$ cat start-v3.txt   # compact mmCIF, C-alpha atoms
# COMPACT_ATOMS: atom_id res chain seq x y z
CA MET C 1 54.40 -20.24 30.85
CA THR C 2 52.56 -17.06 30.34
CA THR C 3 49.99 -15.48 32.52
CA SER C 4 47.32 -13.05 31.63
CA THR C 5 45.42 -10.71 33.83
CA ALA C 6 41.80 -10.00 33.01
CA PRO C 7 40.85 -6.34 33.18
CA PRO C 8 38.90 -5.50 36.29
CA ALA C 9 35.21 -5.58 35.80
CA GLY C 10 33.82 -2.07 35.84
CA PRO C 11 30.31 -0.69 35.99
CA PRO C 12 28.19 -1.36 32.91
CA ALA C 13 28.35 1.29 30.22
CA GLU C 14 25.63 3.86 30.71
CA ARG C 15 23.03 3.79 27.92
CA ARG C 16 21.69 7.16 26.89
CA ALA C 17 17.95 7.53 26.80
CA LEU C 18 15.39 10.10 25.78
CA ARG C 19 13.07 10.78 28.70
CA VAL C 20 9.69 12.52 28.53
CA GLY C 21 8.02 12.42 31.93
CA PRO C 22 7.74 8.81 33.12
CA ALA C 23 8.41 7.42 29.61
CA SER C 24 11.88 6.79 28.19
CA TRP C 25 13.37 5.39 24.99
CA PRO C 26 16.96 4.17 24.43
CA LEU C 27 19.01 6.38 22.11
CA ARG C 28 21.12 4.29 19.74
CA PRO C 29 23.64 6.31 17.67
CA ARG C 30 23.08 4.15 14.57
CA SER C 31 19.31 4.63 14.71
CA VAL C 32 19.67 8.39 15.24
CA ALA C 33 22.10 8.68 12.31
CA ALA C 34 19.77 6.64 10.07
CA ALA C 35 16.81 8.82 11.04
CA LEU C 36 18.69 12.04 10.24
CA VAL C 37 19.86 10.74 6.84
CA LEU C 38 16.34 9.56 5.96
CA LEU C 39 14.84 12.89 7.03
CA ALA C 40 17.31 14.70 4.78
CA ALA C 41 16.48 12.34 1.88
CA THR C 42 12.75 13.01 2.35
CA VAL C 43 13.29 16.78 2.23
CA LEU C 44 15.50 16.38 -0.85
CA PHE C 45 12.89 14.32 -2.74
CA MET C 46 10.15 16.80 -1.79
CA ALA C 47 12.29 19.71 -3.01
CA LEU C 48 12.97 17.94 -6.31
CA SER C 49 9.28 17.15 -6.67
CA MET C 50 8.46 20.87 -6.39
CA ARG C 51 11.19 21.87 -8.83
CA LEU C 52 10.54 19.33 -11.60
CA GLY C 53 7.48 19.05 -13.79
CA ASP C 54 5.78 20.68 -16.76
CA ILE C 55 7.02 24.06 -15.45
CA PRO C 56 10.63 23.55 -14.25
CA MET C 57 11.67 25.92 -11.45
CA GLY C 58 14.89 26.81 -9.69
CA VAL C 59 15.33 26.75 -5.95
CA LEU C 60 14.86 30.52 -5.68
CA ASP C 61 11.71 30.34 -7.81
CA VAL C 62 10.26 27.73 -5.45
CA PHE C 63 11.17 29.85 -2.43
CA ARG C 64 9.58 32.97 -3.98
CA ALA C 65 6.46 30.96 -4.88
CA ILE C 66 6.08 29.80 -1.28
CA THR C 67 6.67 33.20 0.32
CA GLY C 68 5.11 35.48 -2.31
CA ASP C 69 2.16 35.83 -4.64
CA GLY C 70 3.96 35.37 -7.94
CA PRO C 71 2.62 33.46 -10.96
CA ASP C 72 4.16 30.23 -9.67
CA HIS C 73 2.46 30.51 -6.27
CA PHE C 74 -0.57 28.46 -7.38
CA VAL C 75 1.57 25.72 -8.96
CA ILE C 76 3.66 25.25 -5.83
CA MET C 77 1.16 25.85 -3.04
CA GLU C 78 -1.91 24.23 -4.59
CA LEU C 79 -0.44 21.45 -6.75
CA ARG C 80 3.10 20.32 -6.00
CA LEU C 81 3.55 20.98 -2.26
CA PRO C 82 0.27 19.26 -1.18
CA ARG C 83 1.11 16.29 -3.40
CA ALA C 84 4.63 15.97 -1.98
CA LEU C 85 3.37 16.32 1.60
CA THR C 86 0.62 13.76 1.02
CA GLY C 87 3.18 11.30 -0.33
CA ALA C 88 5.53 11.74 2.62
CA LEU C 89 2.78 11.49 5.22
CA VAL C 90 1.02 8.55 3.56
CA GLY C 91 4.31 6.67 3.23
CA ALA C 92 5.14 7.30 6.89
CA ALA C 93 1.69 6.14 8.03
CA LEU C 94 1.79 2.96 5.93
CA ALA C 95 5.31 2.09 7.09
CA LEU C 96 4.43 2.67 10.73
CA ALA C 97 1.36 0.46 10.37
CA GLY C 98 3.55 -2.19 8.73
CA ALA C 99 6.12 -2.07 11.53
CA ILE C 100 3.43 -2.59 14.16
CA THR C 101 1.81 -5.42 12.18
CA GLN C 102 5.10 -7.27 11.65
CA ALA C 103 6.01 -6.96 15.33
CA ILE C 104 2.67 -8.36 16.47
CA ALA C 105 2.52 -11.11 13.84
CA ARG C 106 6.24 -11.91 14.40
CA ASN C 107 6.49 -12.24 10.65
CA PRO C 108 8.55 -10.06 8.25
CA LEU C 109 6.03 -10.80 5.48
CA ALA C 110 3.10 -9.33 7.39
CA SER C 111 1.54 -6.01 6.33
CA PRO C 112 -1.70 -4.09 6.95
CA ASP C 113 -3.21 -6.12 4.11
CA ILE C 114 -3.64 -9.02 6.52
CA LEU C 115 -5.59 -6.73 8.86
CA GLY C 116 -8.23 -6.29 6.15
CA VAL C 117 -7.69 -2.53 5.89
CA THR C 118 -6.51 -2.07 2.31
CA THR C 119 -8.67 -4.82 0.83
CA GLY C 120 -11.74 -3.60 2.73
CA ALA C 121 -11.14 -0.05 1.53
CA SER C 122 -10.55 -1.19 -2.06
CA VAL C 123 -13.69 -3.28 -2.41
CA THR C 124 -15.82 -0.55 -0.81
CA VAL C 125 -14.45 2.20 -3.07
CA VAL C 126 -14.86 0.06 -6.18
CA ALA C 127 -18.45 -0.73 -5.18
CA VAL C 128 -19.26 2.96 -4.70
CA ILE C 129 -17.65 4.07 -7.95
CA VAL C 130 -19.40 1.32 -9.92
CA ALA C 131 -22.75 1.94 -8.22
CA ALA C 132 -22.53 5.72 -8.68
CA GLY C 133 -21.62 5.43 -12.34
CA ASN C 134 -23.50 4.77 -15.52
CA THR C 135 -24.20 1.06 -15.19
CA TRP C 136 -26.61 1.17 -12.30
CA GLY C 137 -27.20 4.90 -12.66
CA GLY C 138 -27.84 5.30 -8.96
CA THR C 139 -26.37 8.09 -6.94
CA SER C 140 -24.70 11.15 -8.34
CA GLY C 141 -21.16 11.18 -9.67
CA ALA C 142 -20.19 13.65 -6.95
CA LEU C 143 -20.39 10.83 -4.43
CA ALA C 144 -17.63 9.02 -6.27
CA GLU C 145 -15.41 12.13 -6.21
CA VAL C 146 -16.00 13.80 -2.86
CA GLY C 147 -16.96 10.78 -0.80
CA VAL C 148 -14.24 8.37 -1.89
CA PRO C 149 -11.79 9.15 0.95
CA LEU C 150 -14.54 8.82 3.56
CA VAL C 151 -15.87 5.63 1.98
CA ALA C 152 -12.34 4.20 1.86
CA LEU C 153 -11.81 5.00 5.53
CA LEU C 154 -15.10 3.35 6.55
CA GLY C 155 -14.44 0.33 4.31
CA GLY C 156 -10.96 -0.11 5.75
CA LEU C 157 -12.24 0.03 9.32
CA ALA C 158 -15.04 -2.43 8.47
CA GLY C 159 -12.55 -4.86 6.92
CA ALA C 160 -10.29 -4.64 9.97
CA LEU C 161 -13.25 -5.19 12.32
CA ALA C 162 -14.27 -8.31 10.38
CA VAL C 163 -10.75 -9.75 10.61
CA TYR C 164 -10.52 -8.92 14.32
CA LEU C 165 -13.85 -10.56 15.18
CA LEU C 166 -13.12 -13.68 13.12
CA ALA C 167 -9.64 -14.04 14.64
CA TRP C 168 -10.75 -13.59 18.26
CA ARG C 169 -10.86 -16.84 20.29
CA ASN C 170 -10.60 -15.94 23.99
CA GLY C 171 -7.71 -13.74 22.93
CA LEU C 172 -5.86 -12.62 19.85
CA ASP C 173 -3.16 -14.91 18.47
CA GLY C 174 -0.76 -13.49 15.88
CA TYR C 175 -0.66 -16.67 13.77
CA ARG C 176 -4.46 -16.96 13.66
CA LEU C 177 -4.71 -13.24 12.82
CA VAL C 178 -2.49 -13.77 9.77
CA LEU C 179 -4.50 -16.75 8.52
CA VAL C 180 -7.86 -15.01 8.95
CA GLY C 181 -6.49 -11.85 7.35
CA ILE C 182 -5.28 -13.76 4.29
CA GLY C 183 -8.69 -15.40 3.91
CA VAL C 184 -10.63 -12.14 4.22
CA SER C 185 -8.24 -10.43 1.81
CA ALA C 186 -8.77 -13.19 -0.76
CA ILE C 187 -12.55 -12.84 -0.52
CA CYS C 188 -12.42 -9.05 -0.81
CA THR C 189 -9.99 -9.21 -3.74
CA ASN C 190 -12.23 -11.55 -5.72
CA LEU C 191 -15.28 -9.43 -4.93
CA LYS C 192 -13.39 -6.33 -6.09
CA TYR C 193 -12.51 -7.87 -9.45
CA TRP C 194 -16.08 -9.11 -9.94
CA LEU C 195 -17.35 -5.55 -9.39
CA LEU C 196 -14.83 -4.28 -11.93
CA THR C 197 -16.06 -6.75 -14.54
CA VAL C 198 -19.76 -5.88 -14.13
CA GLY C 199 -19.23 -2.12 -13.97
CA ASP C 200 -19.13 0.38 -16.80
CA VAL C 201 -15.77 0.54 -18.60
CA ASN C 202 -15.20 4.19 -17.69
CA ASP C 203 -16.15 3.63 -14.05
CA SER C 204 -13.94 0.56 -13.83
CA SER C 205 -11.04 2.54 -15.30
CA ARG C 206 -11.45 5.22 -12.63
CA ALA C 207 -11.61 2.55 -9.96
CA MET C 208 -8.46 0.88 -11.32
CA VAL C 209 -6.52 4.15 -10.99
CA TRP C 210 -7.59 4.46 -7.34
CA ILE C 211 -6.82 0.87 -6.36
CA SER C 212 -3.37 1.20 -7.99
CA GLY C 213 -2.50 3.94 -5.49
CA SER C 214 -2.11 7.42 -6.93
CA LEU C 215 -1.08 10.86 -5.66
CA HIS C 216 -2.37 12.66 -8.75
CA GLY C 217 -4.48 15.69 -7.89
CA ARG C 218 -3.89 15.44 -4.16
CA GLY C 219 -4.56 18.71 -2.32
CA TRP C 220 -4.57 20.06 1.21
CA GLU C 221 -7.82 18.18 1.93
CA HIS C 222 -5.77 14.98 1.63
CA VAL C 223 -2.83 16.31 3.67
CA VAL C 224 -4.80 17.32 6.76
CA PRO C 225 -6.40 13.93 7.70
CA VAL C 226 -3.10 12.03 7.47
CA ALA C 227 -1.24 14.78 9.36
CA ILE C 228 -3.81 14.67 12.18
CA ALA C 229 -3.68 10.86 12.31
CA LEU C 230 0.11 10.88 12.58
CA ALA C 231 0.12 13.70 15.16
CA VAL C 232 -2.18 11.66 17.40
CA LEU C 233 -1.06 8.10 16.73
CA VAL C 234 2.74 8.46 16.53
CA PRO C 235 3.06 9.58 20.20
CA ALA C 236 0.58 6.87 21.20
CA THR C 237 2.53 4.14 19.42
CA LEU C 238 5.83 5.41 20.86
CA LEU C 239 4.34 5.13 24.35
CA GLY C 240 3.54 1.51 23.51
CA THR C 241 7.09 0.70 22.36
CA ARG C 242 7.84 -1.38 25.47
CA SER C 243 4.71 -3.48 25.02
CA LEU C 244 5.41 -3.87 21.30
CA GLY C 245 8.93 -5.05 22.07
CA ALA C 246 7.57 -7.66 24.48
CA LEU C 247 4.97 -8.92 21.98
CA ARG C 248 7.69 -10.30 19.69
CA PHE C 249 8.30 -13.04 22.26
CA GLY C 250 6.08 -16.01 23.07
CA ASP C 251 2.83 -15.54 24.95
CA ASP C 252 4.21 -16.99 28.19
CA THR C 253 7.17 -14.62 28.09
CA VAL C 254 4.92 -11.65 27.39
CA THR C 255 2.78 -12.52 30.39
CA GLY C 256 5.89 -13.04 32.52
CA LEU C 257 7.11 -9.55 31.63
CA GLY C 258 3.96 -8.13 33.16
CA VAL C 259 2.38 -7.00 29.87
CA ARG C 260 -1.39 -7.32 29.52
CA MET C 261 -1.13 -9.21 26.26
CA ASN C 262 -4.62 -8.95 24.77
CA LEU C 263 -5.00 -5.29 25.75
CA ALA C 264 -1.58 -4.37 24.33
CA ARG C 265 -2.20 -6.30 21.09
CA GLY C 266 -5.66 -4.79 20.69
CA LEU C 267 -4.47 -1.19 21.17
CA MET C 268 -1.46 -1.53 18.86
CA ILE C 269 -3.56 -3.23 16.17
CA LEU C 270 -6.11 -0.41 16.48
CA ALA C 271 -3.33 2.13 15.94
CA ALA C 272 -2.07 0.22 12.88
CA VAL C 273 -5.59 -0.02 11.45
CA LEU C 274 -6.25 3.72 11.87
CA LEU C 275 -2.91 4.64 10.31
CA ALA C 276 -3.37 2.32 7.33
CA ALA C 277 -7.02 3.27 6.82
CA THR C 278 -6.28 7.01 6.86
CA ALA C 279 -3.35 6.61 4.47
CA THR C 280 -5.37 4.42 2.11
CA ALA C 281 -8.26 6.89 2.16
CA SER C 282 -5.92 9.69 1.05
CA ALA C 283 -3.94 7.97 -1.70
CA GLY C 284 -5.33 4.49 -2.30
CA PRO C 285 -3.58 1.22 -1.45
CA ILE C 286 0.07 1.97 -2.35
CA ALA C 287 1.73 -1.43 -2.64
CA PHE C 288 4.76 -2.79 -0.77
CA VAL C 289 5.58 0.34 1.29
CA ALA C 290 4.14 -1.13 4.49
CA LEU C 291 5.86 -4.46 3.76
CA ALA C 292 9.33 -3.27 2.74
CA ALA C 293 9.90 -0.14 4.84
CA PRO C 294 10.02 -1.84 8.29
CA GLN C 295 12.51 -4.46 7.07
CA ILE C 296 14.75 -1.82 5.46
CA ALA C 297 14.59 0.22 8.67
CA LEU C 298 15.46 -2.84 10.75
CA ARG C 299 18.67 -3.36 8.76
CA LEU C 300 19.58 0.34 8.73
CA ALA C 301 19.17 0.66 12.50
CA GLY C 302 20.68 -2.76 13.31
CA VAL C 303 18.05 -3.69 15.89
CA ALA C 304 16.01 -6.82 16.61
CA GLN C 305 12.62 -5.55 15.42
CA PRO C 306 11.51 -2.75 13.09
CA PRO C 307 12.06 0.63 14.81
CA LEU C 308 8.96 2.79 14.58
CA VAL C 309 10.44 6.21 13.80
CA VAL C 310 13.04 4.94 11.33
CA SER C 311 10.38 2.80 9.62
CA ALA C 312 8.13 5.84 9.18
CA LEU C 313 11.00 7.83 7.65
CA VAL C 314 11.88 4.97 5.28
CA GLY C 315 8.24 4.89 4.17
CA ALA C 316 8.31 8.65 3.52
CA VAL C 317 11.49 8.31 1.43
CA LEU C 318 10.14 5.37 -0.58
CA THR C 319 6.83 7.07 -1.38
CA THR C 320 8.18 10.52 -2.25
CA GLY C 321 10.97 8.99 -4.34
CA ALA C 322 8.60 6.63 -6.16
CA ASP C 323 6.14 9.46 -6.85
CA LEU C 324 8.95 11.60 -8.25
CA VAL C 325 9.89 8.77 -10.63
CA ALA C 326 6.24 8.16 -11.55
CA ARG C 327 5.70 11.84 -12.33
CA VAL C 328 8.82 12.88 -14.26
CA ALA C 329 10.56 9.76 -15.58
CA PHE C 330 7.93 8.96 -18.24
CA THR C 331 6.94 12.48 -19.32
CA PRO C 332 4.47 13.32 -20.79
CA ALA C 333 2.81 10.19 -19.37
CA GLU C 334 2.40 9.83 -15.60
CA LEU C 335 2.14 6.55 -13.73
CA PRO C 336 0.31 5.90 -10.46
CA VAL C 337 2.84 5.83 -7.64
CA GLY C 338 1.58 2.39 -6.66
CA VAL C 339 2.80 0.98 -9.98
CA VAL C 340 6.36 2.18 -9.27
CA THR C 341 6.37 0.86 -5.70
CA ALA C 342 5.01 -2.48 -6.95
CA VAL C 343 7.76 -2.77 -9.59
CA LEU C 344 10.41 -1.93 -7.00
CA GLY C 345 8.83 -4.02 -4.26
CA ALA C 346 8.31 -7.26 -6.16
CA PRO C 347 12.05 -8.17 -6.27
CA TYR C 348 12.31 -7.26 -2.60
CA LEU C 349 9.41 -9.58 -1.75
CA ILE C 350 11.18 -12.41 -3.59
CA TYR C 351 14.34 -11.66 -1.60
CA LEU C 352 12.37 -11.76 1.65
CA LEU C 353 10.74 -15.08 0.73
CA ILE C 354 14.14 -16.64 -0.04
CA ARG C 355 15.61 -15.26 3.18
CA VAL C 356 12.73 -16.52 5.32
CA ARG C 357 12.97 -19.96 3.70
CA ARG C 358 16.71 -20.15 4.39
CA GLU C 359 16.22 -19.12 8.01
CA ALA C 360 13.48 -21.75 8.41
CA ARG C 361 15.83 -24.46 7.09
CA GLN C 362 18.55 -23.43 9.53

$ encode --input "start-v3.txt" --output "structure tokens"
Amino acid sequence: MTTSTAPPAGPPAERRALRVGPASWPLRPRSVAAALVLLAATVLFMALSMRLGDIPMGVLDVFRAITGDGPDHFVIMELRLPRALTGALVGAALALAGAITQAIARNPLASPDILGVTTGASVTVVAVIVAAGNTWGGTSGALAEVGVPLVALLGGLAGALAVYLLAWRNGLDGYRLVLVGIGVSAICTNLKYWLLTVGDVNDSSRAMVWISGSLHGRGWEHVVPVAIALAVLVPATLLGTRSLGALRFGDDTVTGLGVRMNLARGLMILAAVLLAATATASAGPIAFVALAAPQIALRLAGVAQPPLVVSALVGAVLTTGADLVARVAFTPAELPVGVVTAVLGAPYLIYLLIRVRREARQ
């Protein structure tokens, strides 16, 4: 006969946390390590993006171009650096919007598309480009060039408002939000393609480049709006982390945890809409980043729902890496970054569908 003695129960292990005033967030070593690796990968892709191109440069040449007034200063500071920064910031904003959307919808297949942002922006931009072009000869061509980001932002917000109003029934239910969002997206998509067919060929070609998602020709005027949106909305979303974590449970549980469900959902959806609309206005609707980044971040961090900061960094890595491939892999041709993310994201979407189906069967 053997006997065993259980170790005496001690105090629970102390969990480290990051505290800023009354707010605090748990610090998980795996999440911190993933964030540091992703941040390093983003910087690496941005550095490669500045080095490679029609005028190859060494590291020292890039450094001299940034700090001095040499002949390469214009290439780095006005062409390559703004493009790389726009890609990183747009990817981070889309991924953060996707993480919030998936948490609220409780669905790994959810993305800002179901909020009406990208489809609303797309159909509005296509309408403006077609109307300002040769077919209907209306407004000047400058409207299609200068006003496109603003029009995309307004169209994205209008699409999100339509989805929100149609989905509201004495509250906002995640399942109903998804269904309404899919319906509105289908209508906007068909309207977009109808506008492309009736527009002038040249105008439709320009519109097709935009709705594919492209970072070509992006300058500081595209960097600043996304940077401001992230500076304001990232702290706001981090303050709502506790509410977002509660929203992944059922409505009764959310209410029992003391969370004001409709208010929390409304504020987090507003943050996701603003992030997605700003990103889409700067670079067009880049496909699959908002869908794939939160799920990749979830697996890297090993947590129950997509972590916000790690998701944003995954989005930055995906977009800067895809843009680097789109720009240098097919020289002298250049692809829109959205084409590369779509090619990479399609197999991942199939994997997600199979995984969700298996989990549903179990």

$ atom_distance --input "start-v3.txt" --atom1 "atom CA of Ile100 of chain C" --atom2 "atom CA of Ala272 of chain C"
6.3 Å

$ closest_residue --input "start-v3.txt" --among "C:Ala283, C:Ser49, C:Thr341, C:Val314" --to "Glu221 of chain C" --atoms "all atoms listed in the file"
C:Ala283

$ atom_distance --input "start-v3.txt" --atom1 "atom CA of Gly155 of chain C" --atom2 "atom CA of Ala186 of chain C"
15.5 Å

$ residues_around --input "start-v3.txt" --residues "Ala95 of chain C" --least-positions-apart "3" --cutoff "7 Å" --atoms "only C-alpha atoms" --output "ChimeraX atom specification"
/C:91-92,98-99,289-290,293-294,311-312,315

$ closest_residue --input "start-v3.txt" --among "C:Thr331, C:Leu324, C:Met57, C:Arg16" --to "Arg28 of chain C" --atoms "all atoms listed in the file"
C:Arg16

$ residues_around --input "start-v3.txt" --residues "segment 118-125 of chain C" --least-positions-apart "3" --cutoff "6 Å" --atoms "all atoms listed in the file" --output "MDAnalysis selection string"
chainID C and resid 113 128 152 155:156 159 185 188 192 285

$ write_last_selection --input "start-v3.txt" --atoms "C-alpha atoms" --output "compact mmCIF listing (two decimals), keeping the file's coordinate frame"
# COMPACT_ATOMS: atom_id res chain seq x y z
CA ASP C 113 -3.21 -6.12 4.11
CA VAL C 128 -19.26 2.96 -4.70
CA ALA C 152 -12.34 4.20 1.86
CA GLY C 155 -14.44 0.33 4.31
CA GLY C 156 -10.96 -0.11 5.75
CA GLY C 159 -12.55 -4.86 6.92
CA SER C 185 -8.24 -10.43 1.81
CA CYS C 188 -12.42 -9.05 -0.81
CA LYS C 192 -13.39 -6.33 -6.09
CA PRO C 285 -3.58 1.22 -1.45

$ residues_around --input "start-v3.txt" --residues "Val37 of chain C" --least-positions-apart "4" --cutoff "12 Å" --atoms "all atoms listed in the file" --output "MDAnalysis selection string"
chainID C and resid 30:33 41:44 297 300:301 310 313:314 317

$ write_last_selection --input "start-v3.txt" --atoms "C-alpha atoms" --output "PDB file, keeping the file's coordinate frame"
ATOM      1  CA  ARG C  30      23.080   4.150  14.570  1.00  0.00           C
ATOM      2  CA  SER C  31      19.310   4.630  14.710  1.00  0.00           C
ATOM      3  CA  VAL C  32      19.670   8.390  15.240  1.00  0.00           C
ATOM      4  CA  ALA C  33      22.100   8.680  12.310  1.00  0.00           C
ATOM      5  CA  ALA C  41      16.480  12.340   1.880  1.00  0.00           C
ATOM      6  CA  THR C  42      12.750  13.010   2.350  1.00  0.00           C
ATOM      7  CA  VAL C  43      13.290  16.780   2.230  1.00  0.00           C
ATOM      8  CA  LEU C  44      15.500  16.380  -0.850  1.00  0.00           C
ATOM      9  CA  ALA C 297      14.590   0.220   8.670  1.00  0.00           C
ATOM     10  CA  LEU C 300      19.580   0.340   8.730  1.00  0.00           C
ATOM     11  CA  ALA C 301      19.170   0.660  12.500  1.00  0.00           C
ATOM     12  CA  VAL C 310      13.040   4.940  11.330  1.00  0.00           C
ATOM     13  CA  LEU C 313      11.000   7.830   7.650  1.00  0.00           C
ATOM     14  CA  VAL C 314      11.880   4.970   5.280  1.00  0.00           C
ATOM     15  CA  VAL C 317      11.490   8.310   1.430  1.00  0.00           C
TER      16      VAL C 317
END

$ decode --input "start-v3.txt" --residues "segment 24-41 of chain C" --atoms "N, CA, C and O atoms" --output "PDB file, in the first residue's frame"
ATOM      1  N   SER C  24      -6.200  48.523 -16.141  1.00  0.00           N
ATOM      2  CA  SER C  24      -5.120  47.539 -16.105  1.00  0.00           C
ATOM      3  C   SER C  24      -5.382  46.468 -17.147  1.00  0.00           C
ATOM      4  O   SER C  24      -6.527  46.178 -17.497  1.00  0.00           O
ATOM      5  N   TRP C  25      -4.290  45.879 -17.652  1.00  0.00           N
ATOM      6  CA  TRP C  25      -4.372  44.814 -18.637  1.00  0.00           C
ATOM      7  C   TRP C  25      -3.412  43.700 -18.227  1.00  0.00           C
ATOM      8  O   TRP C  25      -2.273  43.976 -17.821  1.00  0.00           O
ATOM      9  N   PRO C  26      -3.844  42.427 -18.307  1.00  0.00           N
ATOM     10  CA  PRO C  26      -2.936  41.330 -17.949  1.00  0.00           C
ATOM     11  C   PRO C  26      -1.786  41.227 -18.939  1.00  0.00           C
ATOM     12  O   PRO C  26      -1.981  41.386 -20.150  1.00  0.00           O
ATOM     13  N   LEU C  27      -0.581  40.977 -18.421  1.00  0.00           N
ATOM     14  CA  LEU C  27       0.597  40.816 -19.274  1.00  0.00           C
ATOM     15  C   LEU C  27       0.906  39.331 -19.405  1.00  0.00           C
ATOM     16  O   LEU C  27       1.300  38.680 -18.435  1.00  0.00           O
ATOM     17  N   ARG C  28       0.699  38.784 -20.589  1.00  0.00           N
ATOM     18  CA  ARG C  28       0.988  37.379 -20.850  1.00  0.00           C
ATOM     19  C   ARG C  28       2.306  37.295 -21.612  1.00  0.00           C
ATOM     20  O   ARG C  28       2.447  37.924 -22.675  1.00  0.00           O
ATOM     21  N   PRO C  29       3.276  36.524 -21.116  1.00  0.00           N
ATOM     22  CA  PRO C  29       4.594  36.463 -21.778  1.00  0.00           C
ATOM     23  C   PRO C  29       4.506  36.088 -23.248  1.00  0.00           C
ATOM     24  O   PRO C  29       5.222  36.641 -24.082  1.00  0.00           O
ATOM     25  N   ARG C  30       3.608  35.139 -23.578  1.00  0.00           N
ATOM     26  CA  ARG C  30       3.503  34.710 -24.981  1.00  0.00           C
ATOM     27  C   ARG C  30       2.991  35.839 -25.874  1.00  0.00           C
ATOM     28  O   ARG C  30       3.482  36.026 -26.990  1.00  0.00           O
ATOM     29  N   SER C  31       2.040  36.610 -25.378  1.00  0.00           N
ATOM     30  CA  SER C  31       1.518  37.734 -26.164  1.00  0.00           C
ATOM     31  C   SER C  31       2.581  38.817 -26.334  1.00  0.00           C
ATOM     32  O   SER C  31       2.730  39.401 -27.418  1.00  0.00           O
ATOM     33  N   VAL C  32       3.331  39.088 -25.258  1.00  0.00           N
ATOM     34  CA  VAL C  32       4.382  40.106 -25.340  1.00  0.00           C
ATOM     35  C   VAL C  32       5.464  39.679 -26.329  1.00  0.00           C
ATOM     36  O   VAL C  32       5.938  40.483 -27.150  1.00  0.00           O
ATOM     37  N   ALA C  33       5.865  38.397 -26.270  1.00  0.00           N
ATOM     38  CA  ALA C  33       6.887  37.903 -27.194  1.00  0.00           C
ATOM     39  C   ALA C  33       6.398  37.980 -28.642  1.00  0.00           C
ATOM     40  O   ALA C  33       7.143  38.393 -29.545  1.00  0.00           O
ATOM     41  N   ALA C  34       5.132  37.602 -28.871  1.00  0.00           N
ATOM     42  CA  ALA C  34       4.575  37.675 -30.226  1.00  0.00           C
ATOM     43  C   ALA C  34       4.552  39.113 -30.726  1.00  0.00           C
ATOM     44  O   ALA C  34       4.884  39.383 -31.896  1.00  0.00           O
ATOM     45  N   ALA C  35       4.179  40.040 -29.849  1.00  0.00           N
ATOM     46  CA  ALA C  35       4.119  41.453 -30.250  1.00  0.00           C
ATOM     47  C   ALA C  35       5.504  41.975 -30.620  1.00  0.00           C
ATOM     48  O   ALA C  35       5.663  42.707 -31.615  1.00  0.00           O
ATOM     49  N   LEU C  36       6.519  41.609 -29.860  1.00  0.00           N
ATOM     50  CA  LEU C  36       7.881  42.084 -30.155  1.00  0.00           C
ATOM     51  C   LEU C  36       8.392  41.514 -31.476  1.00  0.00           C
ATOM     52  O   LEU C  36       9.010  42.228 -32.278  1.00  0.00           O
ATOM     53  N   VAL C  37       8.131  40.219 -31.719  1.00  0.00           N
ATOM     54  CA  VAL C  37       8.562  39.602 -32.979  1.00  0.00           C
ATOM     55  C   VAL C  37       7.850  40.255 -34.163  1.00  0.00           C
ATOM     56  O   VAL C  37       8.460  40.553 -35.201  1.00  0.00           O
ATOM     57  N   LEU C  38       6.538  40.487 -34.027  1.00  0.00           N
ATOM     58  CA  LEU C  38       5.775  41.106 -35.114  1.00  0.00           C
ATOM     59  C   LEU C  38       6.224  42.545 -35.374  1.00  0.00           C
ATOM     60  O   LEU C  38       6.280  42.986 -36.523  1.00  0.00           O
ATOM     61  N   LEU C  39       6.546  43.265 -34.300  1.00  0.00           N
ATOM     62  CA  LEU C  39       7.039  44.638 -34.470  1.00  0.00           C
ATOM     63  C   LEU C  39       8.368  44.636 -35.232  1.00  0.00           C
ATOM     64  O   LEU C  39       8.582  45.457 -36.136  1.00  0.00           O
ATOM     65  N   ALA C  40       9.236  43.683 -34.884  1.00  0.00           N
ATOM     66  CA  ALA C  40      10.514  43.575 -35.599  1.00  0.00           C
ATOM     67  C   ALA C  40      10.301  43.205 -37.063  1.00  0.00           C
ATOM     68  O   ALA C  40      10.986  43.735 -37.961  1.00  0.00           O
ATOM     69  N   ALA C  41       9.340  42.313 -37.339  1.00  0.00           N
ATOM     70  CA  ALA C  41       9.054  41.929 -38.721  1.00  0.00           C
ATOM     71  C   ALA C  41       8.510  43.110 -39.522  1.00  0.00           C
ATOM     72  O   ALA C  41       8.846  43.283 -40.704  1.00  0.00           O
TER      73      ALA C  41
END
